[in-house]
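**Student:** Here's a structure for you.
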Amino acid sequence: MTKELLYKYVLALGDDALIIGQRLSQWAYKGPFLEEDIALSNISLDMFGRANLFLEYAATLKGDGATADELAFKRNEREFCNHILCEQPNGNFADTMVRQFFLDAFNKLFLQKLIESKDEQLSAIAQKSIKETTYHLRHSSKWIIRLGDGTAESHAKVQSAINNLWMFTDELFESNKIDHEMVKQKIGVDCSLIKVEWDKIIDEVLSEATLSRPENSNMLSGGRAGIHTEHLGHLLSDMQYLQRAYPDAKW
Amino acid sequence: MSDKNMPTWEVFLQPKTGAPFQHAGNIHATDEEMALQNAREIYTRRQEGTCIWVVKTEDIVSSNPDDQESFFDPANDKLYRYPTFFKVSKKAKGL
């Protein structure tokens, strides 16, 4: 029973990393300028690396010869359990940076707690990932400040991105029965406990950026239960195309 | 983006702690923090360094190629500026 729950817990963490990695990879060769293009690709690769670690572990837990590739490329939309914030479209550069900032702040706090996990594998992945995420947060938060405290146009665009994406932020701190059981066994992270610190990071950066924090309204969730926005299906059809068209193709 | 908004910065990397900084190349950035981050993204992807310096290209003072003869050629017949020019006394110990 625990093994099954742990599998689902790890799978969800892998899906979060995989889907945001795929989204960021869509900026490759389209970045606003060369250096930022490379920065976004580097972050994307960090997230793919992390997805690989989680999904390989999930495959081991699943057994029956399952592989990380199968989990990534042969599940359909309803079987993915990433947070819906991760799958939101890249939009303009401000949309991407706001999505990234919300996720980086969450990931930093989440991974700090996951290091204390009783599960050695999860703790090891968290220890490796926290260094990357500390940098990601530095990168995205500076952009929020630069854009917010920049020109009238950049300010308007980043404020609009914050307003549009705010509805997806509550889901990050929700707990389902898998989370509850993992927290009880000191394997998982109690996300309700990191909300206060997340709010603090968001408020500090938004304040420095002269941006305002929206009120909570029409908050949306469901990703952990496989209920997604219309964007995930399109992302998967692109990401999974090769394995679907040429099953078991190898490099 | 115009050069006025995105000036270039020269990037220097220190390969190891205590080693001299070496010129790695240049990048575009609007401010110091972006310059450091872009330098990190472009030039340290393969763990090339332990420390980064960035300096605005316009702040570098360079000698003029036209000055090459007067700056550097006068040193070409002064072998005595190399330590190897001097004979070491056999009595000198601990060298």
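Chain lettering (A, B, ...) mirrors the order of the structure tokens, residue numbering begins at 1 for each chain separately, and ligand numbering begins at 1 in order of display.
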Contacts from chain A to chain B, 10 Å maximum, only C-alpha atoms: show me the residue list as a PyMOL selection string.
**Tutor:** chain A and resi 32-43+135+138-139+142-143+146
**Student:** For the residues selected in the previous step, produce a file with C-alpha atoms as an mmCIF file, in the first residue's frame.
**Tutor:**
```
data_model
loop_
_atom_site.group_PDB
_atom_site.id
_atom_site.type_symbol
_atom_site.label_atom_id
_atom_site.label_comp_id
_atom_site.auth_asym_id
_atom_site.auth_seq_id
_atom_site.Cartn_x
_atom_site.Cartn_y
_atom_site.Cartn_z
ATOM 1 C CA PRO A 32 14.313 37.530 -26.394
ATOM 2 C CA PHE A 33 18.089 37.621 -26.865
ATOM 3 C CA LEU A 34 20.855 35.053 -27.121
ATOM 4 C CA GLU A 35 21.948 34.968 -23.476
ATOM 5 C CA GLU A 36 18.415 34.636 -22.125
ATOM 6 C CA ASP A 37 17.629 31.974 -24.709
ATOM 7 C CA ILE A 38 20.510 29.923 -23.335
ATOM 8 C CA ALA A 39 19.453 30.659 -19.736
ATOM 9 C CA LEU A 40 15.936 29.330 -20.386
ATOM 10 C CA SER A 41 17.326 26.241 -22.104
ATOM 11 C CA ASN A 42 19.694 25.622 -19.189
ATOM 12 C CA ILE A 43 16.795 25.786 -16.728
ATOM 13 C CA TYR A 135 19.752 29.756 -8.886
ATOM 14 C CA ARG A 138 17.477 34.227 -8.300
ATOM 15 C CA HIS A 139 17.119 34.373 -12.077
ATOM 16 C CA LYS A 142 15.402 39.466 -10.662
ATOM 17 C CA TRP A 143 13.439 39.436 -13.907
ATOM 18 C CA ARG A 146 13.440 44.319 -13.675
#
```
**Student:** Just asking: which residues within chain B are alpha helix (DSSP H) according to DSSP, as a PyMOL selection string?
**Tutor:** chain B and resi 32-43+68-72
**Student:** Could those residues be written to a file, using C-alpha atoms, as a PDB file, in the first residue's frame?
**Tutor:**
```pdb
ATOM      1  CA  GLU B  32      25.367  44.009 -13.067  1.00  0.00           C
ATOM      2  CA  GLU B  33      23.234  41.122 -11.808  1.00  0.00           C
ATOM      3  CA  MET B  34      22.131  40.190 -15.327  1.00  0.00           C
ATOM      4  CA  ALA B  35      25.739  40.386 -16.463  1.00  0.00           C
ATOM      5  CA  LEU B  36      26.830  37.942 -13.762  1.00  0.00           C
ATOM      6  CA  GLN B  37      23.946  35.590 -14.507  1.00  0.00           C
ATOM      7  CA  ASN B  38      24.476  35.666 -18.265  1.00  0.00           C
ATOM      8  CA  ALA B  39      28.206  35.088 -17.796  1.00  0.00           C
ATOM      9  CA  ARG B  40      27.355  32.125 -15.600  1.00  0.00           C
ATOM     10  CA  GLU B  41      24.909  30.760 -18.202  1.00  0.00           C
ATOM     11  CA  ILE B  42      27.226  31.130 -21.170  1.00  0.00           C
ATOM     12  CA  TYR B  43      30.693  30.450 -19.804  1.00  0.00           C
ATOM     13  CA  GLN B  68      52.468  48.321 -30.762  1.00  0.00           C
ATOM     14  CA  GLU B  69      55.991  49.300 -31.941  1.00  0.00           C
ATOM     15  CA  SER B  70      56.607  51.908 -29.285  1.00  0.00           C
ATOM     16  CA  PHE B  71      54.984  49.894 -26.507  1.00  0.00           C
ATOM     17  CA  PHE B  72      56.366  46.428 -27.044  1.00  0.00           C
TER      18      PHE B  72
END
```
**Student:** Calculate how many Å separate atom CA of A:Thr60 from atom CA of A:Ile178, rounding to one decimal.
**Tutor:**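 So the answer is 18.4 Å.
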**Student:** Just the residues within 8 Å of B:Val11, please, counting only C-alpha atoms, with nothing from its chain fewer than 6 positions along; format it as a list in words.
**Tutor:**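 The filter keeps His23, Ala24, Gly25, Asn26, Ile27, Ala39, Ile52, Trp53, Val54 and Val55 of chain B.
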**Student:** Just how far from atom CA of A:Lys184 is atom CA of A:Ala51, in Å to one decimal?
**Tutor:**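 Atom-to-atom, atom CA of A:Ala51 and atom CA of A:Lys184 are spaced 24.6 Å apart.
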**Student:** Fewer than 5 positions away in the same chain doesn't count, so skip those; otherwise give me all residues within 12 Å of A:Glu4, counting only C-alpha atoms, as a PDB file with N, CA and C atoms, in the first residue's frame.
**Tutor:**
```pdb
ATOM      1  N   TYR A   9       3.266   9.458  -5.409  1.00  0.00           N
ATOM      2  CA  TYR A   9       3.846  10.704  -4.889  1.00  0.00           C
ATOM      3  C   TYR A   9       5.056  11.132  -5.738  1.00  0.00           C
ATOM      4  N   VAL A  10       5.939  10.151  -5.985  1.00  0.00           N
ATOM      5  CA  VAL A  10       7.151  10.426  -6.762  1.00  0.00           C
ATOM      6  C   VAL A  10       6.804  10.760  -8.213  1.00  0.00           C
ATOM      7  N   LEU A  11       5.815  10.043  -8.733  1.00  0.00           N
ATOM      8  CA  LEU A  11       5.372  10.278 -10.112  1.00  0.00           C
ATOM      9  C   LEU A  11       4.888  11.726 -10.295  1.00  0.00           C
ATOM     10  N   ALA A  58      10.382   6.402  -9.748  1.00  0.00           N
ATOM     11  CA  ALA A  58       8.981   5.967  -9.845  1.00  0.00           C
ATOM     12  C   ALA A  58       8.894   4.638 -10.595  1.00  0.00           C
ATOM     13  N   ALA A  59       9.676   4.511 -11.672  1.00  0.00           N
ATOM     14  CA  ALA A  59       9.651   3.266 -12.462  1.00  0.00           C
ATOM     15  C   ALA A  59      10.117   2.085 -11.614  1.00  0.00           C
ATOM     16  N   THR A  60      11.149   2.321 -10.796  1.00  0.00           N
ATOM     17  CA  THR A  60      11.639   1.260  -9.903  1.00  0.00           C
ATOM     18  C   THR A  60      10.537   0.844  -8.930  1.00  0.00           C
ATOM     19  N   LEU A  61       9.842   1.844  -8.388  1.00  0.00           N
ATOM     20  CA  LEU A  61       8.782   1.553  -7.422  1.00  0.00           C
ATOM     21  C   LEU A  61       7.621   0.812  -8.085  1.00  0.00           C
ATOM     22  N   LYS A  62       7.366   1.154  -9.337  1.00  0.00           N
ATOM     23  CA  LYS A  62       6.263   0.515 -10.051  1.00  0.00           C
ATOM     24  C   LYS A  62       6.586  -0.950 -10.356  1.00  0.00           C
ATOM     25  N   GLY A  63       7.861  -1.207 -10.626  1.00  0.00           N
ATOM     26  CA  GLY A  63       8.276  -2.583 -10.920  1.00  0.00           C
ATOM     27  C   GLY A  63       7.792  -3.042 -12.292  1.00  0.00           C
ATOM     28  N   ILE A 178      -2.797  11.064  -0.659  1.00  0.00           N
ATOM     29  CA  ILE A 178      -1.415  10.568  -0.828  1.00  0.00           C
ATOM     30  C   ILE A 178      -0.455  11.458  -0.032  1.00  0.00           C
ATOM     31  N   GLU A 181      -0.698  10.842   3.725  1.00  0.00           N
ATOM     32  CA  GLU A 181      -0.050   9.607   4.162  1.00  0.00           C
ATOM     33  C   GLU A 181       1.477   9.756   4.126  1.00  0.00           C
ATOM     34  N   MET A 182       1.979  10.412   3.084  1.00  0.00           N
ATOM     35  CA  MET A 182       3.437  10.595   2.962  1.00  0.00           C
ATOM     36  C   MET A 182       3.975  11.518   4.064  1.00  0.00           C
TER      37      MET A 182
END
```
**Student:** Excluding A:Gln127 and its own-chain neighbours fewer than 3 positions away, which residues fall within 12 Å of it when counting only C-alpha atoms? Please give them as a list in words.
**Tutor:** Arg50, Lys108, Phe110, Leu111, Gln112, Lys113, Leu114, Ile115, Glu116, Ser117, Glu120, Gln121, Leu122, Ser123, Ala124, Ile130, Lys131, Glu132, Thr133 and Thr134 of chain A
**Student:** For A:Ala161, work out the shell of residues within 8 Å, counting only C-alpha atoms and skipping chain neighbours fewer than 3 positions away, then give it as a compact mmCIF listing (two decimals) with N, CA and C atoms, in the first residue's frame.
**Tutor:**
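See result.txt below for the written result:
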```txt
# COMPACT_ATOMS: atom_id res chain seq x y z
N ALA A 94 7.06 37.83 -20.05
CA ALA A 94 6.60 38.10 -18.68
C ALA A 94 5.75 36.95 -18.15
N ASP A 95 4.89 36.39 -19.01
CA ASP A 95 4.07 35.24 -18.59
C ASP A 95 4.96 34.09 -18.14
N VAL A 98 6.77 34.95 -14.76
CA VAL A 98 5.89 34.90 -13.59
C VAL A 98 5.61 33.45 -13.21
N LYS A 157 2.71 44.38 -18.59
CA LYS A 157 2.72 42.98 -19.03
C LYS A 157 2.95 42.02 -17.87
N VAL A 158 3.86 42.38 -16.97
CA VAL A 158 4.16 41.45 -15.87
C VAL A 158 3.01 41.46 -14.85
N ASN A 164 -3.24 36.85 -14.29
CA ASN A 164 -3.76 35.69 -15.02
C ASN A 164 -3.35 34.36 -14.41
N LEU A 165 -2.15 34.30 -13.84
CA LEU A 165 -1.64 33.02 -13.35
C LEU A 165 -1.93 32.79 -11.87
```
**Student:** Expressed in Å to a single decimal, how great is the separation between atom CA of A:Asp170 and atom CA of A:His83?
**Tutor:** 10.0 Å
**Student:** Do a neighbour search on stretch 202-212 of chain A at 6 Å with only C-alpha atoms, toss out local chain neighbours closer than 2 positions, and write the hits as a ChimeraX atom specification.
**Tutor:** /A:145,148-149,199-200
**Student:** Please determine, counting only C-alpha atoms, which residue among A:Asn82, A:Thr169, A:Asn176, A:Gln240 has the shortest atom-to-atom distance to A:Arg213.
**Tutor:**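 Of A:Asn82, A:Thr169, A:Asn176, A:Gln240, the one nearest A:Arg213, counting only C-alpha atoms, is A:Thr169.
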**Student:** Could you find all residues in chain B that DSSP calls strand (DSSP E or B) from the backbone, and write them as a list in words?
**Tutor:**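 Everything in chain B that counts as strand (DSSP E or B) is Thr8, Trp9, Glu10, Val11, Phe12, Leu13, Gln14, Gln22, His23, Ala24, Gly25, Asn26, Ile27, His28, Cys51, Ile52, Trp53, Val54, Val55 and Lys56 of chain B.
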**Student:** With distances taken over only C-alpha atoms, which of A:Leu103, A:Trp27, A:Asp119, A:Lys74 is nearest to A:Val183?
**Tutor:**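 Ranked by minimum distance to A:Val183, first place goes to A:Asp119.
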